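J.: If you scroll down you'll find the structure; I have some questions about it.
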Amino acid sequence: MVSSLPSFILLLITILHLAIEIPSSSASDNILSHDSKTNIRVPVHHRDAGKGYTKYELLYRAVQRGKHRLKRFTSLATTPFTGVSPSYSAGGENVCNISMGTPGQNKVWIVDTGSDLCWTQCKPCTNCFTQVTALYDPSKSSTYRNVKFSDQFCKDLPSSSSDSNNNCIYSYGYGDQSTTQGNLSTETLTFMKTLGNSASLVDMVIGCGTNNQGTFSGTDGLIGLGQGPLSLVSQLQQGNKKMAYCIVTFSSSDVSHIYIGSPPLNKFPNNSQSTPIQKNDAYPTYYYVLIQGISVNGEPLSYPQSSFMLNKDGSGGTIIDSGTTLTYLPALVIAPMKAKIYLLVKLIPSLLPSASGLSTCWYYTGGPYPNVTMTYHFAGGANMTIPNSNIFIQDLSLFFRLPLLCLVTEPSTSVGSSLTSLSIFGNIHQQNYAFKYDLDNKMITFAPQKCSVW
């Protein structure tokens, strides 16, 4: 018995050593800080996925949300900047699952490139919309901290105040009168990655909303991916203020992905092209790009050269946006585009809009889509050729529910409107293209990809 004692002690020490070295299965695989230069690959889903809608119902819901989003963008970006803090565009078409706090509390968040603030609904809530999980409870997290009123992040808010403890109280409004108010805080965000493991970002600035209302029902909050200082991307380290995404085909059951931080080099091959992000001091959140021309089947369209101009007062221009389904262009651009495509499509045109409100449609009985391509010529020599699968989409007629094939481009304003036209490059045009947003170098890079395996 005595001779076996040293062996027993050695065995015990080995077991204790292994217990220390092996992390808990509930712990994150990577704990990242603002200073990390790595990336996190996160699966994202269409916000209506798995809810039993038909492809036509999915389209209708997405188009209606997109129309409201266009109105919000237009109300902001067609009005000259007056120095008043701007509202932002609420909502988006994709959601992801992110755990918040320590221990984690699982949340479903809208992913939005059209706003900055990240926030979720919190206890105690005086006014909250219906959400899919329990309200976040900051009292149960060991990593929750209030941001002080004197902090720079509090100063970066469009509207803030101080409570009796000198904590920062934020107020954040959206163009459709949706609002969120509460405590600005720092917290740990844990992202579930594709293979079931996870990675965390610590000390991220998050709004803990206790008074919220608007068009967020069915989710728990919003992850802002805009250019402003409060966005998730802007909070990353200098040199790693980047994100990338690849959106699968609309109504597909496949999963899209987003990278927070610099994506791997192999995700953007040698045929990738880049265009500068245009600076708009009036609306610095949005990603503006300059369209210098559009070709249909290789033939340039003729339209006024000022159509896509970003004006000195902040009006006009083109926003690239993952949260808007259709692409909206000035009416004076849409008119020659439609005229050219009508000559190429050998189908019977519909005289009425589709059930989803798409204005340019043809009766469709199946088979290959018309042989039409569209190339957008961006500043910096970048050319993006849109295949027919990203130009047309199937819908139903308003009456008798007959099958239609419709264009996914719509006018942003009516012909003769006095408004300066804002253009939005929507997500159907972006399908099966990878996009990288580089805030450090103010560039957007894109390349064709199969997004279901990206």
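In the structure tokens, chains take letters A, B, ... by order of appearance, with residues numbered from 1 within each chain and ligands from 1 in the order shown.
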Check region 121-338 of chain A with DSSP on the backbone and list each residue it calls strand (DSSP E), as number ranges by chain.
T.: A: 121, 145-146, 160-162, 168-173, 179-192, 198-213, 221-224, 242-246, 256-260, 273-276, 288-289, 291-296, 299-300, 318-320, 327-329
J.: Excluding Lys107 (chain A) and residues on its chain fewer than 5 positions from it, collect all residues at most 12 Å away from it, counting only C-alpha atoms, and give them as a PyMOL selection string.
T.: chain A and resi 95-101+119-122+131-137+189-192+218-223
J.: Write a file of the just-selected residues containing N, CA and C atoms, as a compact mmCIF listing (two decimals), in the first residue's frame.
T.:
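Writing done, so here's result_17.txt:
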```txt
# COMPACT_ATOMS: atom_id res chain seq x y z
N VAL A 95 -31.16 38.04 -39.73
CA VAL A 95 -31.00 37.98 -38.28
C VAL A 95 -29.92 36.97 -37.93
N CYS A 96 -29.33 37.14 -36.75
CA CYS A 96 -28.36 36.17 -36.25
C CYS A 96 -28.59 35.95 -34.77
N ASN A 97 -28.06 34.84 -34.27
CA ASN A 97 -28.17 34.52 -32.85
C ASN A 97 -26.88 34.91 -32.14
N ILE A 98 -27.01 35.75 -31.13
CA ILE A 98 -25.86 36.20 -30.35
C ILE A 98 -26.24 36.12 -28.88
N SER A 99 -25.35 35.53 -28.09
CA SER A 99 -25.55 35.48 -26.65
C SER A 99 -24.93 36.71 -26.02
N MET A 100 -25.59 37.26 -25.01
CA MET A 100 -25.14 38.49 -24.38
C MET A 100 -24.96 38.27 -22.89
N GLY A 101 -23.83 38.71 -22.33
CA GLY A 101 -23.59 38.65 -20.90
C GLY A 101 -22.85 37.41 -20.46
N TRP A 119 -28.22 47.26 -29.75
CA TRP A 119 -29.03 47.33 -28.53
C TRP A 119 -29.98 46.15 -28.45
N THR A 120 -30.41 45.87 -27.24
CA THR A 120 -31.43 44.85 -27.00
C THR A 120 -32.36 45.33 -25.90
N GLN A 121 -33.51 44.69 -25.77
CA GLN A 121 -34.46 45.05 -24.72
C GLN A 121 -34.02 44.46 -23.38
N CYS A 122 -34.19 45.25 -22.33
CA CYS A 122 -33.66 44.87 -21.02
C CYS A 122 -34.70 45.01 -19.91
N GLN A 131 -41.05 40.04 -28.15
CA GLN A 131 -39.82 39.45 -28.68
C GLN A 131 -39.84 37.94 -28.50
N VAL A 132 -38.83 37.27 -29.08
CA VAL A 132 -38.84 35.81 -29.16
C VAL A 132 -38.22 35.14 -27.95
N THR A 133 -37.42 35.86 -27.17
CA THR A 133 -36.80 35.27 -25.98
C THR A 133 -37.15 36.14 -24.77
N ALA A 134 -36.71 35.70 -23.60
CA ALA A 134 -36.91 36.50 -22.40
C ALA A 134 -36.09 37.78 -22.48
N LEU A 135 -36.55 38.82 -21.82
CA LEU A 135 -35.81 40.08 -21.77
C LEU A 135 -34.44 39.86 -21.14
N TYR A 136 -33.44 40.56 -21.67
CA TYR A 136 -32.11 40.49 -21.09
C TYR A 136 -32.14 41.09 -19.68
N ASP A 137 -31.54 40.37 -18.74
CA ASP A 137 -31.51 40.80 -17.34
C ASP A 137 -30.07 41.15 -16.96
N LEU A 189 -20.39 39.90 -25.94
CA LEU A 189 -21.23 39.29 -26.96
C LEU A 189 -20.58 37.99 -27.41
N THR A 190 -21.34 36.90 -27.38
CA THR A 190 -20.82 35.60 -27.79
C THR A 190 -21.57 35.13 -29.03
N PHE A 191 -20.82 34.89 -30.10
CA PHE A 191 -21.38 34.52 -31.40
C PHE A 191 -21.26 33.02 -31.58
N MET A 192 -22.37 32.37 -31.93
CA MET A 192 -22.34 30.96 -32.29
C MET A 192 -21.90 30.84 -33.74
N GLY A 218 -40.65 40.30 -33.07
CA GLY A 218 -40.16 39.00 -33.49
C GLY A 218 -38.67 38.85 -33.35
N THR A 219 -37.99 39.94 -32.96
CA THR A 219 -36.56 39.88 -32.68
C THR A 219 -36.33 40.47 -31.29
N ASP A 220 -35.08 40.50 -30.85
CA ASP A 220 -34.77 41.00 -29.52
C ASP A 220 -34.03 42.32 -29.54
N GLY A 221 -33.57 42.74 -30.70
CA GLY A 221 -32.79 43.96 -30.79
C GLY A 221 -32.10 44.04 -32.12
N LEU A 222 -31.07 44.87 -32.19
CA LEU A 222 -30.45 45.18 -33.47
C LEU A 222 -28.94 45.31 -33.33
N ILE A 223 -28.22 44.75 -34.30
CA ILE A 223 -26.77 44.90 -34.40
C ILE A 223 -26.48 45.91 -35.50
```
J.: From the options A:Gly214, A:Gly207, A:Pro138, A:Pro229, which residue's atoms come nearest to Phe153 (chain A), counting only C-alpha atoms?
T.: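 Closest residue, counting only C-alpha atoms: A:Pro229.
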J.: Under the rule that only C-alpha atoms are counted, which of A:Gly50, A:Tyr259, A:Asn371, A:Asn271 is the nearest residue to Ala199 (chain A)?
T.: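 Counting only C-alpha atoms, the residue closest to Ala199 (chain A) is A:Tyr259.
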J.: I'd like the contact shell of region 243-245 of chain A - 10 Å cut-off, only C-alpha atoms, skipping same-chain residues fewer than 2 positions apart - returned as a PyMOL selection string.
T.: chain A and resi 39-44+225+232-234+240-241+247-248+256-264+267-268+322+430+432-439+444-446+451+454
